[in-house]
>>> print(open('entry15.txt').read())   # compact mmCIF, C-alpha atoms
# COMPACT_ATOMS: atom_id res chain seq x y z
CA ARG A 415 12.10 8.06 14.16
CA ALA A 416 10.76 10.44 11.50
CA GLU A 417 10.67 14.20 11.96
CA VAL A 418 6.87 14.24 11.63
CA VAL A 419 4.16 11.86 12.83
CA GLY A 420 1.92 9.83 10.56
CA GLY A 421 4.19 7.51 8.62
CA ARG A 422 2.47 6.37 5.43
CA ALA A 423 -0.68 8.22 6.55
CA ARG A 424 0.97 11.63 6.08
CA THR A 425 -0.67 14.19 3.81
CA THR A 426 1.27 16.92 2.02
CA SER A 427 -0.23 20.32 1.22
CA ARG A 428 0.85 22.52 -1.67
CA ASP A 429 -0.97 25.37 -3.41
CA GLY A 430 -4.26 24.29 -1.86
CA PHE A 431 -3.90 20.62 -2.89
CA ALA A 432 -3.86 17.88 -0.24
CA THR A 433 -2.21 14.67 -1.46
CA ASN A 434 -1.74 11.41 0.40
CA LEU A 435 1.25 9.14 -0.16
CA GLY A 436 -0.50 7.15 -2.87
CA PRO A 437 -4.20 6.21 -2.88
CA HIS A 438 -5.76 5.85 0.59
CA ALA A 439 -9.30 5.01 1.65
CA VAL A 440 -11.07 4.03 4.87
CA TYR A 441 -13.34 0.98 4.64
CA ARG A 442 -16.84 1.83 5.77
CA GLY A 443 -17.99 -0.55 8.48
CA GLY A 444 -14.48 -1.92 9.00
CA HIS A 445 -12.40 -2.20 12.17
CA ALA A 446 -10.58 1.08 11.49
CA GLU A 447 -13.72 3.16 11.24
CA ARG A 448 -15.07 1.64 14.47
CA VAL A 449 -11.85 2.23 16.43
CA LEU A 450 -11.44 5.77 15.09
CA ARG A 451 -14.95 6.63 16.21
CA SER A 452 -14.18 5.28 19.70
CA LEU A 453 -11.17 7.63 19.83
CA GLY A 454 -13.16 10.62 18.64
CA ALA A 455 -11.13 10.70 15.41
CA PHE A 456 -13.82 10.35 12.77
CA ALA A 457 -12.66 9.99 9.16
CA ASP A 458 -15.01 12.49 7.54
CA GLY A 459 -15.43 12.13 3.80
CA ARG A 460 -17.49 10.60 1.03
CA PRO A 461 -17.57 7.36 -0.96
CA PRO A 462 -15.76 7.56 -4.32
CA LEU A 463 -17.62 8.03 -7.57
CA VAL A 464 -17.01 4.69 -9.32
CA ARG A 465 -17.65 6.06 -12.77
CA GLY A 466 -15.17 5.11 -15.41
CA TYR A 467 -13.33 2.43 -17.27
CA ALA A 468 -11.79 -1.00 -17.16
CA LEU A 469 -8.56 -1.15 -19.16
CA TYR A 470 -8.14 -4.43 -21.06
CA GLU A 471 -5.65 -5.09 -23.87
CA GLN A 472 -4.97 -1.34 -24.08
CA ARG A 473 -8.64 -0.54 -24.69
CA LEU A 474 -11.01 1.28 -22.34
CA HIS A 475 -14.31 -0.45 -21.59
CA THR A 476 -17.18 0.52 -19.30
CA LEU A 477 -16.25 -0.54 -15.77
CA PRO A 478 -18.62 -3.35 -14.69
CA ALA A 479 -19.33 -1.87 -11.26
CA GLY A 480 -23.12 -2.18 -11.13
CA ALA A 481 -26.05 -4.11 -12.52
CA ILE A 482 -26.44 -1.93 -15.63
CA SER A 483 -22.73 -1.63 -16.44
CA VAL A 484 -22.26 -5.41 -16.07
CA LEU A 485 -24.89 -5.88 -18.77
CA THR A 486 -23.54 -3.19 -21.10
CA THR A 487 -19.74 -3.33 -20.85
CA GLY A 488 -17.81 -4.49 -23.91
CA LEU A 489 -15.66 -6.69 -21.68
CA PHE A 490 -18.28 -9.44 -21.58
CA ASP A 491 -20.29 -11.57 -23.96
CA LEU A 492 -23.80 -12.70 -23.00
CA ARG A 493 -22.66 -15.69 -20.92
CA ASP A 494 -20.03 -13.57 -19.19
CA ARG A 495 -22.65 -10.97 -18.30
CA LEU A 496 -24.91 -13.53 -16.69
CA ALA A 497 -22.04 -15.14 -14.77
CA ALA A 498 -20.63 -11.77 -13.64
CA ALA A 499 -24.01 -10.53 -12.44
CA LYS A 500 -24.44 -13.70 -10.37
CA VAL A 501 -20.95 -13.65 -8.86
CA LEU A 502 -20.68 -9.93 -8.11
CA GLY A 503 -24.17 -9.86 -6.70
CA GLY A 504 -23.48 -12.73 -4.31
CA VAL A 505 -19.88 -12.15 -3.15
CA SER A 506 -20.90 -12.05 0.51
CA GLY A 507 -22.02 -15.69 0.31
CA LEU A 508 -18.94 -17.07 -1.45
CA ARG A 509 -16.64 -19.42 0.47
CA ALA A 510 -13.49 -21.38 -0.33
CA GLU A 511 -11.74 -24.39 1.16
CA PRO A 512 -9.53 -23.79 4.21
CA ASN A 513 -6.10 -22.46 3.16
CA GLU A 514 -7.13 -22.48 -0.51
CA SER A 515 -5.47 -19.80 -2.60
CA PHE A 516 -7.56 -17.20 -4.39
CA GLY A 517 -6.08 -18.34 -7.70
CA ALA A 518 -7.08 -21.95 -7.07
CA TRP A 519 -10.56 -20.84 -6.02
CA LEU A 520 -10.99 -18.76 -9.19
CA THR A 521 -9.98 -21.70 -11.37
CA ARG A 522 -12.30 -24.07 -9.53
CA SER A 523 -15.32 -21.82 -9.07
CA ILE A 524 -15.49 -19.30 -11.92
CA GLY A 525 -16.11 -21.00 -15.24
CA ARG A 526 -15.75 -17.87 -17.39
CA PRO A 527 -12.08 -16.72 -17.74
CA ARG A 528 -12.93 -13.06 -18.38
CA VAL A 529 -15.21 -12.95 -15.35
CA ALA A 530 -12.41 -14.50 -13.26
CA GLN A 531 -10.06 -11.75 -14.50
CA VAL A 532 -12.51 -9.03 -13.52
CA LEU A 533 -13.08 -10.57 -10.09
CA ALA A 534 -9.30 -10.71 -9.62
CA MET A 535 -9.14 -7.04 -10.65
CA PHE A 536 -11.63 -6.02 -7.96
CA ALA A 537 -9.81 -8.17 -5.40
CA ARG A 538 -6.54 -6.47 -6.33
CA ILE A 539 -8.12 -3.04 -5.83
CA ALA A 540 -9.45 -4.16 -2.43
CA THR A 541 -6.08 -5.53 -1.25
CA TYR A 542 -3.47 -3.71 -3.41
CA VAL A 543 -1.77 -7.10 -3.84
CA HIS A 544 -0.24 -8.36 -7.08
CA PRO A 545 -0.43 -11.20 -7.85
CA VAL A 546 -3.68 -11.46 -5.91
CA GLU A 547 -3.94 -15.17 -6.74
CA VAL A 548 -1.45 -16.09 -3.97
CA LEU A 549 -3.68 -14.75 -1.20
CA SER A 550 -5.90 -16.80 1.07
CA ALA A 551 -9.16 -17.21 -0.84
CA ASN A 552 -11.49 -16.83 2.14
CA ASP A 553 -9.68 -13.73 3.41
CA THR A 554 -9.72 -12.20 -0.07
CA LEU A 555 -13.41 -12.95 -0.55
CA GLU A 556 -14.17 -11.37 2.83
CA GLN A 557 -12.22 -8.23 1.89
CA LEU A 558 -13.93 -8.14 -1.51
CA ALA A 559 -17.34 -8.50 0.12
CA LEU A 560 -16.54 -5.62 2.50
CA SER A 561 -15.51 -3.51 -0.48
CA ILE A 562 -18.69 -4.24 -2.44
CA ARG A 563 -21.12 -4.29 0.48
CA ALA A 564 -20.01 -1.18 2.35
CA GLY A 565 -17.48 0.51 0.09
CA VAL A 566 -14.83 2.98 1.14
CA ARG A 567 -14.58 6.64 2.05
CA TYR A 568 -12.08 9.19 0.73
CA VAL A 569 -11.21 11.53 3.61
CA HIS A 570 -11.73 15.29 3.41
CA GLY A 571 -8.34 16.97 3.74
CA GLY A 572 -6.46 13.68 3.41
CA TRP A 573 -5.35 11.10 5.95
CA GLY A 574 -3.22 13.67 7.74
CA VAL A 575 -6.47 14.92 9.25
CA ILE A 576 -6.95 11.55 10.96
CA VAL A 577 -3.37 11.64 12.24
CA SER A 578 -3.87 15.13 13.68
CA GLN A 579 -7.07 14.07 15.44
CA ILE A 580 -5.34 11.07 17.03
CA VAL A 581 -2.36 13.18 18.18
CA ARG A 582 -4.69 15.74 19.75
CA ARG A 583 -6.64 12.98 21.49
CA ALA A 584 -3.40 11.43 22.75
CA ALA A 585 -2.25 14.78 24.14
CA THR A 586 -5.43 15.07 26.25
CA LEU A 587 -4.53 11.68 27.80
CA GLY A 588 -1.02 12.78 28.71
CA VAL A 589 0.86 11.10 25.87
CA ASP A 590 4.28 12.58 25.09
CA VAL A 591 4.94 12.35 21.33
CA VAL A 592 8.64 12.56 20.44
CA THR A 593 9.82 12.84 16.81
CA GLY A 594 13.24 12.60 15.19
CA ILE A 595 14.51 9.88 17.54
CA GLY A 596 14.07 6.15 17.01
CA ALA A 597 14.24 3.08 19.21
CA ALA A 598 17.52 1.18 19.22
CA ARG A 599 16.63 -1.91 21.27
CA VAL A 600 14.28 -3.38 23.84
CA GLU A 601 15.85 -4.37 27.15
CA LEU A 602 14.67 -7.55 28.88
CA VAL A 603 15.03 -8.61 32.51
CA SER A 604 13.95 -12.17 33.40
CA GLY A 605 12.12 -12.47 30.07
CA ARG A 606 10.11 -9.26 30.49
CA VAL A 607 10.52 -5.80 28.96
CA SER A 608 12.20 -3.46 31.44
CA ALA A 609 13.18 -0.54 29.21
CA VAL A 610 13.40 0.80 25.66
CA VAL A 611 16.71 2.33 24.58
CA ARG A 612 16.50 5.22 22.13
CA THR A 613 18.95 5.91 19.29
CA ASP A 614 20.31 8.87 21.27
CA GLY A 615 21.28 6.48 24.08
CA ARG A 616 18.56 7.50 26.52
CA GLU A 617 16.94 4.58 28.35
CA ILE A 618 13.21 4.74 29.08
CA PRO A 619 12.15 2.36 31.89
CA CYS A 620 8.70 0.87 31.29
CA ASP A 621 6.22 -1.70 32.58
CA ALA A 622 5.22 -2.68 29.02
CA ALA A 623 6.02 -1.78 25.43
CA VAL A 624 4.27 -1.79 22.07
CA LEU A 625 6.19 -2.26 18.83
CA ALA A 626 4.36 -0.52 15.96
CA VAL A 627 7.01 -1.11 13.31
CA SER A 628 7.77 -3.48 10.45
CA PRO A 629 8.48 -7.19 11.09
CA ARG A 630 12.18 -6.65 10.31
CA ALA A 631 12.45 -3.64 12.61
CA ALA A 632 10.66 -5.51 15.39
CA SER A 633 13.05 -8.45 15.06
CA GLU A 634 16.06 -6.10 15.16
CA LEU A 635 14.73 -4.41 18.31
CA LEU A 636 14.24 -7.79 20.00
CA PRO A 637 16.67 -10.25 18.38
CA GLU A 638 16.02 -12.82 21.14
CA SER A 639 12.51 -13.45 19.83
CA ARG A 640 12.24 -16.53 17.61
CA SER A 641 8.66 -15.67 16.66
CA LEU A 642 9.66 -12.19 15.45
CA GLU A 643 12.59 -13.65 13.53
CA ARG A 644 10.20 -16.03 11.78
CA ALA A 645 7.70 -13.26 11.02
CA ALA A 646 10.45 -11.08 9.53
CA ARG A 647 11.82 -13.95 7.48
CA LEU A 648 8.46 -14.95 5.98
CA ALA A 649 7.02 -11.47 5.42
CA GLU A 650 6.46 -10.56 1.75
CA PRO A 651 5.63 -6.84 1.62
CA VAL A 652 2.84 -5.41 -0.52
CA GLU A 653 4.25 -2.62 -2.70
CA MET A 654 3.00 -0.13 -5.28
CA ALA A 655 4.45 2.49 -7.59
CA CYS A 656 2.41 5.69 -7.18
CA LEU A 657 1.95 8.93 -9.07
CA ASP A 658 0.14 11.62 -7.07
CA VAL A 659 -1.01 14.45 -9.35
CA ALA A 660 -2.52 17.90 -8.82
CA THR A 661 -4.43 18.89 -11.95
CA GLY A 662 -6.79 21.43 -13.44
CA PRO A 663 -10.39 20.61 -14.45
CA LEU A 664 -11.21 17.11 -15.69
CA VAL A 665 -11.37 16.62 -19.45
CA ARG A 666 -13.76 13.67 -19.20
CA PRO A 667 -16.42 12.98 -16.55
CA ALA A 668 -14.83 9.59 -15.80
CA THR A 669 -13.23 9.36 -12.35
CA THR A 670 -11.85 5.80 -12.31
CA VAL A 671 -9.72 3.40 -14.35
CA PHE A 672 -8.90 -0.12 -13.20
CA GLY A 673 -6.61 -2.47 -15.14
CA VAL A 674 -7.97 -5.94 -15.91
CA ASP A 675 -4.89 -7.56 -17.46
CA GLU A 676 -2.41 -5.11 -15.89
CA PRO A 677 -2.38 -4.15 -12.18
CA LEU A 678 -3.13 -0.47 -12.84
CA TYR A 679 -5.25 1.99 -10.87
CA ALA A 680 -6.36 5.59 -11.35
CA SER A 681 -8.91 7.53 -9.32
CA VAL A 682 -9.89 11.19 -8.99
CA HIS A 683 -10.05 11.37 -5.19
CA SER A 684 -11.08 15.03 -5.24
CA ALA A 685 -14.32 14.08 -7.01
CA SER A 686 -15.50 12.84 -3.59
CA ALA A 687 -13.28 14.41 -0.94
CA ARG A 688 -12.28 18.03 -0.42
CA LEU A 689 -8.65 17.86 -1.50
CA ALA A 690 -8.21 20.58 -4.13
CA PRO A 691 -9.17 24.18 -4.92
CA GLU A 692 -12.47 24.81 -6.72
CA GLY A 693 -12.29 23.49 -10.28
CA ALA A 694 -9.03 21.60 -9.69
CA ASN A 695 -8.40 17.96 -8.83
CA VAL A 696 -6.17 15.42 -7.09
CA VAL A 697 -5.65 12.22 -9.07
CA HIS A 698 -3.89 9.17 -7.63
CA LEU A 699 -2.44 6.63 -10.07
CA ALA A 700 -0.68 3.41 -9.15
CA ARG A 701 0.67 0.09 -10.31
CA ALA A 702 0.63 -2.82 -7.87
CA LEU A 703 4.08 -4.44 -7.89
CA ALA A 704 4.90 -8.12 -7.84
CA PRO A 705 7.97 -9.02 -5.72
CA GLY A 706 11.07 -7.64 -7.40
CA GLU A 707 9.07 -5.79 -10.07
CA ARG A 708 9.69 -2.19 -11.06
CA ALA A 709 7.45 0.41 -12.68
CA THR A 710 8.18 3.65 -14.49
CA ARG A 711 6.73 7.12 -14.15
CA ASP A 712 6.11 7.11 -17.93
CA GLU A 713 3.66 4.20 -17.58
CA LEU A 714 1.53 6.02 -15.01
CA GLU A 715 1.69 9.31 -16.92
CA ALA A 716 0.48 7.42 -20.01
CA LEU A 717 -2.43 6.02 -17.97
CA LEU A 718 -3.42 9.56 -16.91
CA GLU A 719 -3.25 10.76 -20.52
CA ARG A 720 -5.33 7.83 -21.71
CA PHE A 721 -8.17 8.46 -19.33
CA GLN A 722 -7.96 12.28 -19.09
CA PRO A 723 -6.28 13.31 -22.38
CA GLY A 724 -4.79 16.78 -22.33
CA ILE A 725 -5.45 17.44 -18.64
CA VAL A 726 -3.36 20.24 -17.18
CA VAL A 727 -0.88 18.98 -14.56
CA ARG A 728 0.01 21.54 -11.88
CA HIS A 729 2.52 19.35 -10.09
CA ALA A 730 3.14 15.63 -9.53
CA ARG A 731 5.09 13.29 -7.25
CA PHE A 732 6.33 9.85 -8.29
CA LEU A 733 6.91 7.20 -5.61
CA PRO A 734 8.62 4.29 -7.36
CA ARG A 735 8.17 1.82 -4.49
CA MET A 736 5.66 2.49 -1.71
CA THR A 737 5.14 -0.12 1.00
CA VAL A 738 1.38 -0.63 1.31
CA ALA A 739 1.52 -3.41 3.89
CA PHE A 740 4.43 -5.18 5.54
CA ALA A 741 3.24 -8.75 4.91
CA ARG A 742 0.84 -10.44 2.48
CA PRO A 743 -1.72 -12.82 3.99
CA ASP A 744 -0.77 -15.66 1.65
CA ALA A 745 -2.69 -18.92 1.51
CA ALA A 746 0.59 -20.79 2.01
CA LEU A 747 0.95 -19.04 5.40
CA SER A 748 -2.71 -19.64 6.43
CA GLY A 749 -3.77 -16.10 5.52
CA LEU A 750 -4.89 -13.76 8.29
CA SER A 751 -5.08 -16.56 10.86
CA GLY A 752 -1.40 -17.29 10.28
CA ARG A 753 -0.22 -13.79 11.16
CA ILE A 754 1.75 -13.26 14.34
CA GLY A 755 -0.17 -11.91 17.32
CA GLY A 756 2.37 -11.88 20.11
CA THR A 757 5.85 -12.95 21.17
CA GLU A 758 7.49 -14.91 23.95
CA THR A 759 7.61 -11.69 26.02
CA PRO A 760 4.40 -11.28 28.05
CA ASN A 761 4.52 -7.49 28.53
CA LEU A 762 5.35 -6.72 24.90
CA ALA A 763 2.61 -6.17 22.28
CA LEU A 764 2.73 -5.83 18.50
CA VAL A 765 0.74 -3.51 16.26
CA GLY A 766 0.66 -3.36 12.48
CA ASP A 767 -0.89 -4.48 9.22
CA TRP A 768 1.04 -7.76 9.65
CA VAL A 769 -0.32 -8.53 13.14
CA GLY A 770 -3.38 -10.47 14.30
CA PRO A 771 -6.21 -12.31 12.57
CA ARG A 772 -8.53 -9.36 11.86
CA GLY A 773 -8.68 -7.27 8.74
CA MET A 774 -6.28 -5.96 6.11
CA LEU A 775 -4.50 -2.64 5.66
CA LEU A 776 -5.62 0.06 8.14
CA ASP A 777 -8.31 -2.26 9.52
CA ALA A 778 -5.54 -4.66 10.60
CA VAL A 779 -3.47 -1.85 12.11
CA LEU A 780 -6.22 -0.54 14.36
CA ALA A 781 -7.68 -3.96 15.18
CA SER A 782 -4.24 -5.12 16.36
CA ALA A 783 -3.80 -1.86 18.30
CA GLU A 784 -7.10 -2.48 20.06
CA ASP A 785 -6.06 -6.04 20.92
CA ALA A 786 -2.63 -4.88 22.12
CA ALA A 787 -4.13 -2.26 24.43
CA ARG A 788 -6.59 -4.69 25.95
CA CYS A 789 -3.97 -7.36 26.52
CA LEU A 790 -1.52 -5.00 28.23
CA LEU A 791 -4.21 -3.32 30.32
CA GLU A 792 -5.48 -6.70 31.48
CA GLY A 793 -1.96 -7.96 32.12
CA ARG A 794 -2.19 -10.93 29.82
CA ARG A 795 -0.24 -12.23 26.88
CA ALA A 796 -1.55 -11.49 23.39
CA ARG A 797 -4.19 -14.08 22.54
CA TRP A 798 -2.90 -14.75 19.03
CA MET A 799 0.51 -16.02 20.05
CA ALA A 800 2.53 -17.20 17.08
CA SER A 801 4.43 -20.47 17.38
CA ALA A 802 8.18 -20.14 17.66
>>> encode(input="entry15.txt", output="structure tokens")
Amino acid sequence: RAEVVGGRARTTSRDGFATNLGPHAVYRGGHAERVLRSLGAFADGRPPLVRGYALYEQRLHTLPAGAISVLTTGLFDLRDRLAAAKVLGGVSGLRAEPNESFGAWLTRSIGRPRVAQVLAMFARIATYVHPVEVLSANDTLEQLALSIRAGVRYVHGGWGVIVSQIVRRAATLGVDVVTGIGAARVELVSGRVSAVVRTDGREIPCDAAVLAVSPRAASELLPESRSLERAARLAEPVEMACLDVATGPLVRPATTVFGVDEPLYASVHSASARLAPEGANVVHLARALAPGERATRDELEALLERFQPGIVVRHARFLPRMTVAFARPDAALSGLSGRIGGTETPNLALVGDWVGPRGMLLDAVLASAEDAARCLLEGRRARWMASA
């Protein structure tokens, strides 16, 4: 539908700066990295430098991101330090009750309120969700463990490099990529997909189809599907306000700020990935949004000034409401296991961050794409069929 490929993974280039649409990272050891490697589209880059601050009650404290900083940060008293060291060091072994919310698990399992706040902060950074307490506890703990155990990678040149690699790989396989024209509807004959009709009226006959769109768009393309109607009705999108900034040299060596009592984020992505000219930087700032919430550019500019006072801004882009994921894996909806996997139509597959039981964010996108391809190639219905 768009004039260029990539969607939310697009990267814009200006004056030698490469900026993503908000902060993006590839989880090391996750589904996305594995699938990209299998396609020959490696996400080359480096882990971020987690060197900076935790913002609590408008004050900057040392970010408790390692054994030493947990013991020295002003966020914690002695008991908090001991509890935080134990919890953060053993996240991979933490488990919750089935369908328990992350908020309920925090209340039940973490006896120190400040430690619970910090754990929620890290979970929010790993999922981009606010309020993170509504999520499935086990799914959130698994995502948090992946974040701590393996970490992430910022991609050299931005995520547009990944998109370009995939498009080139697709071209070698005979894929015809068309831009600027969307899909209007999916035609069914005897309960099976027979064609896709484009917005310009052209009908494309097909043996199978994949819908890689939002839940609402999928339901509009196939209004006969009760399972898609349900998915669209229940989906609560994950959204952020983002400020993407091209700057001069850093004023302070700090590269990160995470909000403890406010869902704020700032990271100098160019400290790890090649995104800016020599001596310059790309800084991504964001506020995770609760449903219906709004954020202002002034708030994110103030966050930049607080952590890099007086930094020279070359140019900036404010995105007041960016969709990060199309559906939260809430505990009330059984988390990842409650996500839709297929429809009533056997030769139709779904792909997206709202599809299938594996992973969040890009990991969910590429895991569901892998499942969709296998199902269609093997001529079978998607295994994770949602109830109508």
>>> atom_distance(input="entry15.txt", atom1="atom CA of Pro691 of chain A", atom2="atom CA of Leu714 of chain A")
23.4 Å
>>> residues_around(input="entry15.txt", residues="segment 631-648 of chain A", least_positions_apart="4", cutoff="10 Å", atoms="all atoms listed in the file", output="ChimeraX atom specification")
/A:597-602,605,607,610-611,624-627,740-742,747,752-759,764,768-769,799-802
>>> residues_around(input="entry15.txt", residues="segment 777-780 of chain A", least_positions_apart="5", cutoff="7 Å", atoms="all atoms listed in the file", output="PyMOL selection string")
chain A and resi 444-446+449+765-767+769+772
>>> atom_distance(input="entry15.txt", atom1="atom CA of Ile618 of chain A", atom2="atom CA of Ser604 of chain A")
17.5 Å
>>> atom_distance(input="entry15.txt", atom1="atom CA of Val501 of chain A", atom2="atom CA of Ala680 of chain A")
24.3 Å
>>> closest_residue(input="entry15.txt", among="A:Ala668, A:Val591, A:Val548, A:Ala781", to="Pro705 of chain A", atoms="only C-alpha atoms")
A:Val548
>>> residues_around(input="entry15.txt", residues="segment 416-421 of chain A", least_positions_apart="2", cutoff="6 Å", atoms="all atoms listed in the file", output="JSON, numbers by chain")
{"A": [423, 424, 577, 593, 594]}
>>> closest_residue(input="entry15.txt", among="A:Ala432, A:Ile539, A:Ala455, A:Leu762", to="Ile576 of chain A", atoms="all atoms listed in the file")
A:Ala455
>>> residues_around(input="entry15.txt", residues="segment 719-735 of chain A", least_positions_apart="4", cutoff="6 Å", atoms="only C-alpha atoms", output="PyMOL selection string")
chain A and resi 654-662+665-666
>>> closest_residue(input="entry15.txt", among="A:Leu520, A:Ala745, A:Ala439, A:Leu717", to="Val671 of chain A", atoms="all atoms listed in the file")
A:Leu717
>>> closest_residue(input="entry15.txt", among="A:Arg422, A:Arg526, A:Arg415, A:Arg451", to="Val738 of chain A", atoms="all atoms listed in the file")
A:Arg422
>>> closest_atom_pairs(input="entry15.txt", of="segment 627-712 of chain A", to="segment 471-486 of chain A", cutoff="9 Å", atoms="only C-alpha atoms", output="tab-separated table")
residue	atom	partner	partner_atom	distance
A:Thr670	CA	A:Leu477	CA	8.5
A:Val671	CA	A:Leu477	CA	7.8
A:Phe672	CA	A:Leu477	CA	7.8
A:Val674	CA	A:Glu471	CA	8.3
A:Asp675	CA	A:Glu471	CA	6.9
A:Glu676	CA	A:Glu471	CA	8.6
>>> closest_residue(input="entry15.txt", among="A:Gly454, A:Asp553, A:Asn695, A:Glu447", to="Ala584 of chain A", atoms="only C-alpha atoms")
A:Gly454
>>> closest_residue(input="entry15.txt", among="A:Ala739, A:Val464, A:Leu496, A:Val603", to="Gly525 of chain A", atoms="only C-alpha atoms")
A:Leu496
>>> build_atoms(input="entry15.txt", residues="segment 758-780 of chain A", atoms="N, CA and C atoms", output="mmCIF file, in the coordinates of the input")
data_model
loop_
_atom_site.group_PDB
_atom_site.id
_atom_site.type_symbol
_atom_site.label_atom_id
_atom_site.label_comp_id
_atom_site.auth_asym_id
_atom_site.auth_seq_id
_atom_site.Cartn_x
_atom_site.Cartn_y
_atom_site.Cartn_z
ATOM 1 N N GLU A 758 7.206 -14.183 22.728
ATOM 2 C CA GLU A 758 7.490 -14.910 23.950
ATOM 3 C C GLU A 758 7.532 -13.991 25.176
ATOM 4 N N THR A 759 7.500 -12.678 24.949
ATOM 5 C CA THR A 759 7.610 -11.690 26.020
ATOM 6 C C THR A 759 6.226 -11.227 26.448
ATOM 7 N N PRO A 760 5.798 -11.520 27.670
ATOM 8 C CA PRO A 760 4.400 -11.280 28.050
ATOM 9 C C PRO A 760 3.986 -9.817 28.124
ATOM 10 N N ASN A 761 4.917 -8.907 28.430
ATOM 11 C CA ASN A 761 4.520 -7.490 28.530
ATOM 12 C C ASN A 761 4.969 -6.682 27.318
ATOM 13 N N LEU A 762 5.031 -7.354 26.171
ATOM 14 C CA LEU A 762 5.350 -6.720 24.900
ATOM 15 C C LEU A 762 4.211 -7.010 23.929
ATOM 16 N N ALA A 763 3.700 -5.990 23.252
ATOM 17 C CA ALA A 763 2.610 -6.170 22.280
ATOM 18 C C ALA A 763 3.055 -5.663 20.913
ATOM 19 N N LEU A 764 2.418 -6.197 19.884
ATOM 20 C CA LEU A 764 2.730 -5.830 18.500
ATOM 21 C C LEU A 764 1.523 -5.168 17.851
ATOM 22 N N VAL A 765 1.791 -4.189 17.011
ATOM 23 C CA VAL A 765 0.740 -3.510 16.260
ATOM 24 C C VAL A 765 1.203 -3.334 14.823
ATOM 25 N N GLY A 766 0.306 -3.602 13.883
ATOM 26 C CA GLY A 766 0.660 -3.360 12.480
ATOM 27 C C GLY A 766 -0.262 -4.082 11.532
ATOM 28 N N ASP A 767 -0.079 -3.820 10.239
ATOM 29 C CA ASP A 767 -0.890 -4.480 9.220
ATOM 30 C C ASP A 767 -0.449 -5.919 8.984
ATOM 31 N N TRP A 768 0.537 -6.392 9.746
ATOM 32 C CA TRP A 768 1.040 -7.760 9.650
ATOM 33 C C TRP A 768 0.739 -8.552 10.926
ATOM 34 N N VAL A 769 -0.094 -7.979 11.795
ATOM 35 C CA VAL A 769 -0.320 -8.530 13.140
ATOM 36 C C VAL A 769 -1.785 -8.904 13.325
ATOM 37 N N GLY A 770 -2.033 -10.094 13.890
ATOM 38 C CA GLY A 770 -3.380 -10.470 14.300
ATOM 39 C C GLY A 770 -4.262 -10.983 13.180
ATOM 40 N N PRO A 771 -5.371 -11.609 13.535
ATOM 41 C CA PRO A 771 -6.210 -12.310 12.570
ATOM 42 C C PRO A 771 -7.345 -11.476 11.984
ATOM 43 N N ARG A 772 -7.377 -10.163 12.276
ATOM 44 C CA ARG A 772 -8.530 -9.360 11.860
ATOM 45 C C ARG A 772 -8.143 -8.293 10.863
ATOM 46 N N GLY A 773 -8.757 -8.365 9.680
ATOM 47 C CA GLY A 773 -8.680 -7.270 8.740
ATOM 48 C C GLY A 773 -7.393 -7.156 7.949
ATOM 49 N N MET A 774 -7.443 -6.297 6.923
ATOM 50 C CA MET A 774 -6.280 -5.960 6.110
ATOM 51 C C MET A 774 -6.060 -4.461 6.159
ATOM 52 N N LEU A 775 -4.836 -4.049 5.803
ATOM 53 C CA LEU A 775 -4.500 -2.640 5.660
ATOM 54 C C LEU A 775 -4.763 -1.889 6.971
ATOM 55 N N LEU A 776 -5.386 -0.706 6.920
ATOM 56 C CA LEU A 776 -5.620 0.060 8.140
ATOM 57 C C LEU A 776 -6.522 -0.672 9.117
ATOM 58 N N ASP A 777 -7.465 -1.479 8.624
ATOM 59 C CA ASP A 777 -8.310 -2.260 9.520
ATOM 60 C C ASP A 777 -7.461 -3.175 10.398
ATOM 61 N N ALA A 778 -6.416 -3.779 9.818
ATOM 62 C CA ALA A 778 -5.540 -4.660 10.600
ATOM 63 C C ALA A 778 -4.723 -3.864 11.607
ATOM 64 N N VAL A 779 -4.270 -2.673 11.206
ATOM 65 C CA VAL A 779 -3.470 -1.850 12.110
ATOM 66 C C VAL A 779 -4.266 -1.521 13.378
ATOM 67 N N LEU A 780 -5.465 -0.997 13.195
ATOM 68 C CA LEU A 780 -6.220 -0.540 14.360
ATOM 69 C C LEU A 780 -6.868 -1.685 15.124
#
